[in-house]
Amino acid sequence: MATHLITGAGSGIGAAVARRLTERGDDLVLLARDAGRAKELAALHPGARTLVGDLGNPDRLSWAFGQQPMPERLDSLLHIAGVVELGRIGELTPKSWHFQLNANLVAPAELTRLLLPQLRVSQGHVVFVNSGAGLAAHAEWGAYAASKHGLKALADSLRHEEHASGVRVTSVYPGRTASPMQAKVHQQEGKQYDASRWIDPESVATTILLALDLPRDAEINDLTVRPGR
């Protein structure tokens, strides 16, 4: 039985991954931003443990973890949570930049730092669910794309640094995926949202499990997933 710590397990890709791992008998630790969200995640994923820490405030993660029992063993860290706020560069405020950079980049970096000791012992796996915006930036996606480009750099550097310790690092770049975040994006874009046009979260979950389950003689570094219709 493997133990996985998952961010973003409340909906979309994160919820799909959590369900799949639970169904096969793995042990889950789900990160929640506060105690109320922890109760919701525990109800959504029976049997999973919860850990409280706000990705929007990465400076407090170390303190928060110091107040709670931490998993003794960790086989994978799955960074799936993310936030988005569209806007033109000439109009985005520092608040918008900090909102996205903290949750999408700084918090994953800090979470990884705090959990690397356990991952080194288990020769575990860090998975960053990035975005197509982590490879190409478009109008009104500047802050989000900057956070995701940074996440790619974080993953690439971590892979080089931890290769000798046996820690594997994978970045997954999904295209538009049917999720509450995608519904929010469509609302910001002023477009009608049709979930059937986009990737099913279960399909992205399949790619993440593929990376996790790959035999130790190989490693998936980067995996791009695009809508098939």
# chains A, B, ... in the order shown; residues from 1 in each chain; ligands from 1
>>> residues_around(residues="A:Thr224", least_positions_apart="5", cutoff="10 Å", atoms="only C-alpha atoms", output="PyMOL selection string")
chain A and resi 130-132+135+171-175+204+207
>>> select_by_dssp(residues="stretch 14-188 of chain A", states="strand (DSSP E)", output="NGL selection string")
:A and (27-32 or 49-52 or 76-79 or 125-129 or 168-174)
>>> closest_atom_pairs(of="stretch 34-102 of chain A", to="stretch 118-125 of chain A", cutoff="9 Å", atoms="only C-alpha atoms", output="CSV")
residue,atom,partner,partner_atom,distance
A:Pro71,CA,A:Gln118,CA,8.5
A:Glu72,CA,A:Gln118,CA,7.3
A:Arg73,CA,A:Gln118,CA,6.0
A:Leu74,CA,A:Gln118,CA,5.7
A:Asp75,CA,A:Gly124,CA,4.5
A:Ser76,CA,A:His125,CA,4.5
A:Leu77,CA,A:His125,CA,6.4
A:Leu78,CA,A:His125,CA,8.2
>>> write_last_selection(atoms="N, CA, C and O atoms", output="PDB file, in the first residue's frame")
ATOM      1  N   PRO A  71       2.397  12.482   7.979  1.00  0.00           N
ATOM      2  CA  PRO A  71       2.546  11.079   7.565  1.00  0.00           C
ATOM      3  C   PRO A  71       3.975  10.598   7.786  1.00  0.00           C
ATOM      4  O   PRO A  71       4.933  11.300   7.451  1.00  0.00           O
ATOM      5  N   GLU A  72       4.117   9.408   8.346  1.00  0.00           N
ATOM      6  CA  GLU A  72       5.451   8.859   8.592  1.00  0.00           C
ATOM      7  C   GLU A  72       6.110   8.421   7.289  1.00  0.00           C
ATOM      8  O   GLU A  72       7.336   8.470   7.165  1.00  0.00           O
ATOM      9  N   ARG A  73       5.304   7.955   6.350  1.00  0.00           N
ATOM     10  CA  ARG A  73       5.823   7.524   5.057  1.00  0.00           C
ATOM     11  C   ARG A  73       5.066   8.252   3.961  1.00  0.00           C
ATOM     12  O   ARG A  73       3.859   8.494   4.071  1.00  0.00           O
ATOM     13  N   LEU A  74       5.770   8.595   2.908  1.00  0.00           N
ATOM     14  CA  LEU A  74       5.134   9.261   1.773  1.00  0.00           C
ATOM     15  C   LEU A  74       5.759   8.743   0.484  1.00  0.00           C
ATOM     16  O   LEU A  74       6.968   8.851   0.286  1.00  0.00           O
ATOM     17  N   ASP A  75       4.924   8.161  -0.370  1.00  0.00           N
ATOM     18  CA  ASP A  75       5.410   7.606  -1.636  1.00  0.00           C
ATOM     19  C   ASP A  75       5.235   8.568  -2.801  1.00  0.00           C
ATOM     20  O   ASP A  75       5.954   8.460  -3.796  1.00  0.00           O
ATOM     21  N   SER A  76       4.259   9.471  -2.696  1.00  0.00           N
ATOM     22  CA  SER A  76       4.132  10.473  -3.756  1.00  0.00           C
ATOM     23  C   SER A  76       3.508  11.743  -3.207  1.00  0.00           C
ATOM     24  O   SER A  76       2.737  11.722  -2.245  1.00  0.00           O
ATOM     25  N   LEU A  77       3.881  12.849  -3.834  1.00  0.00           N
ATOM     26  CA  LEU A  77       3.307  14.160  -3.563  1.00  0.00           C
ATOM     27  C   LEU A  77       2.708  14.648  -4.868  1.00  0.00           C
ATOM     28  O   LEU A  77       3.432  14.833  -5.852  1.00  0.00           O
ATOM     29  N   LEU A  78       1.396  14.823  -4.883  1.00  0.00           N
ATOM     30  CA  LEU A  78       0.682  15.169  -6.111  1.00  0.00           C
ATOM     31  C   LEU A  78       0.155  16.601  -6.010  1.00  0.00           C
ATOM     32  O   LEU A  78      -0.821  16.876  -5.300  1.00  0.00           O
TER      33      LEU A  78
END
>>> closest_residue(among="A:Gly36, A:Tyr144, A:Pro94, A:Leu114", to="A:Trp63", atoms="only C-alpha atoms")
A:Leu114
>>> residues_around(residues="A:Ala103", least_positions_apart="4", cutoff="7 Å", atoms="only C-alpha atoms", output="PyMOL selection string")
chain A and resi 55-56+82-83+99+107
>>> closest_residue(among="A:Ala15, A:Leu223, A:Gly47, A:Thr3", to="A:Met70", atoms="only C-alpha atoms")
A:Thr3
>>> select_by_dssp(residues="stretch 104-139 of chain A", states="alpha helix (DSSP H)", output="PyMOL selection string")
chain A and resi 107-122
>>> write_last_selection(atoms="N, CA and C atoms", output="PDB file, in the first residue's frame")
ATOM      1  N   ALA A 107       3.638  27.929  -3.095  1.00  0.00           N
ATOM      2  CA  ALA A 107       3.153  26.882  -2.193  1.00  0.00           C
ATOM      3  C   ALA A 107       3.620  25.482  -2.613  1.00  0.00           C
ATOM      4  N   PRO A 108       3.549  25.109  -3.900  1.00  0.00           N
ATOM      5  CA  PRO A 108       4.116  23.815  -4.285  1.00  0.00           C
ATOM      6  C   PRO A 108       5.603  23.689  -3.955  1.00  0.00           C
ATOM      7  N   ALA A 109       6.354  24.785  -4.129  1.00  0.00           N
ATOM      8  CA  ALA A 109       7.778  24.746  -3.792  1.00  0.00           C
ATOM      9  C   ALA A 109       7.974  24.513  -2.300  1.00  0.00           C
ATOM     10  N   GLU A 110       7.210  25.213  -1.483  1.00  0.00           N
ATOM     11  CA  GLU A 110       7.345  25.062  -0.033  1.00  0.00           C
ATOM     12  C   GLU A 110       6.855  23.702   0.434  1.00  0.00           C
ATOM     13  N   LEU A 111       5.755  23.238  -0.116  1.00  0.00           N
ATOM     14  CA  LEU A 111       5.233  21.923   0.241  1.00  0.00           C
ATOM     15  C   LEU A 111       6.241  20.833  -0.111  1.00  0.00           C
ATOM     16  N   THR A 112       6.855  20.977  -1.266  1.00  0.00           N
ATOM     17  CA  THR A 112       7.881  20.013  -1.674  1.00  0.00           C
ATOM     18  C   THR A 112       9.065  20.049  -0.714  1.00  0.00           C
ATOM     19  N   ARG A 113       9.507  21.231  -0.368  1.00  0.00           N
ATOM     20  CA  ARG A 113      10.637  21.360   0.555  1.00  0.00           C
ATOM     21  C   ARG A 113      10.350  20.658   1.887  1.00  0.00           C
ATOM     22  N   LEU A 114       9.143  20.869   2.402  1.00  0.00           N
ATOM     23  CA  LEU A 114       8.798  20.320   3.705  1.00  0.00           C
ATOM     24  C   LEU A 114       8.679  18.798   3.689  1.00  0.00           C
ATOM     25  N   LEU A 115       8.332  18.227   2.531  1.00  0.00           N
ATOM     26  CA  LEU A 115       8.072  16.785   2.469  1.00  0.00           C
ATOM     27  C   LEU A 115       9.186  15.992   1.791  1.00  0.00           C
ATOM     28  N   LEU A 116      10.225  16.673   1.314  1.00  0.00           N
ATOM     29  CA  LEU A 116      11.321  15.973   0.643  1.00  0.00           C
ATOM     30  C   LEU A 116      12.014  14.928   1.525  1.00  0.00           C
ATOM     31  N   PRO A 117      12.182  15.169   2.818  1.00  0.00           N
ATOM     32  CA  PRO A 117      12.825  14.124   3.623  1.00  0.00           C
ATOM     33  C   PRO A 117      12.110  12.775   3.546  1.00  0.00           C
ATOM     34  N   GLN A 118      10.764  12.785   3.646  1.00  0.00           N
ATOM     35  CA  GLN A 118      10.008  11.530   3.533  1.00  0.00           C
ATOM     36  C   GLN A 118      10.108  10.939   2.132  1.00  0.00           C
ATOM     37  N   LEU A 119      10.085  11.801   1.117  1.00  0.00           N
ATOM     38  CA  LEU A 119      10.145  11.325  -0.263  1.00  0.00           C
ATOM     39  C   LEU A 119      11.506  10.725  -0.595  1.00  0.00           C
ATOM     40  N   ARG A 120      12.556  11.258  -0.015  1.00  0.00           N
ATOM     41  CA  ARG A 120      13.886  10.693  -0.242  1.00  0.00           C
ATOM     42  C   ARG A 120      14.005   9.298   0.366  1.00  0.00           C
ATOM     43  N   VAL A 121      13.446   9.136   1.560  1.00  0.00           N
ATOM     44  CA  VAL A 121      13.513   7.832   2.225  1.00  0.00           C
ATOM     45  C   VAL A 121      12.805   6.764   1.399  1.00  0.00           C
ATOM     46  N   SER A 122      11.628   7.117   0.841  1.00  0.00           N
ATOM     47  CA  SER A 122      10.831   6.148   0.084  1.00  0.00           C
ATOM     48  C   SER A 122      11.214   6.084  -1.390  1.00  0.00           C
TER      49      SER A 122
END
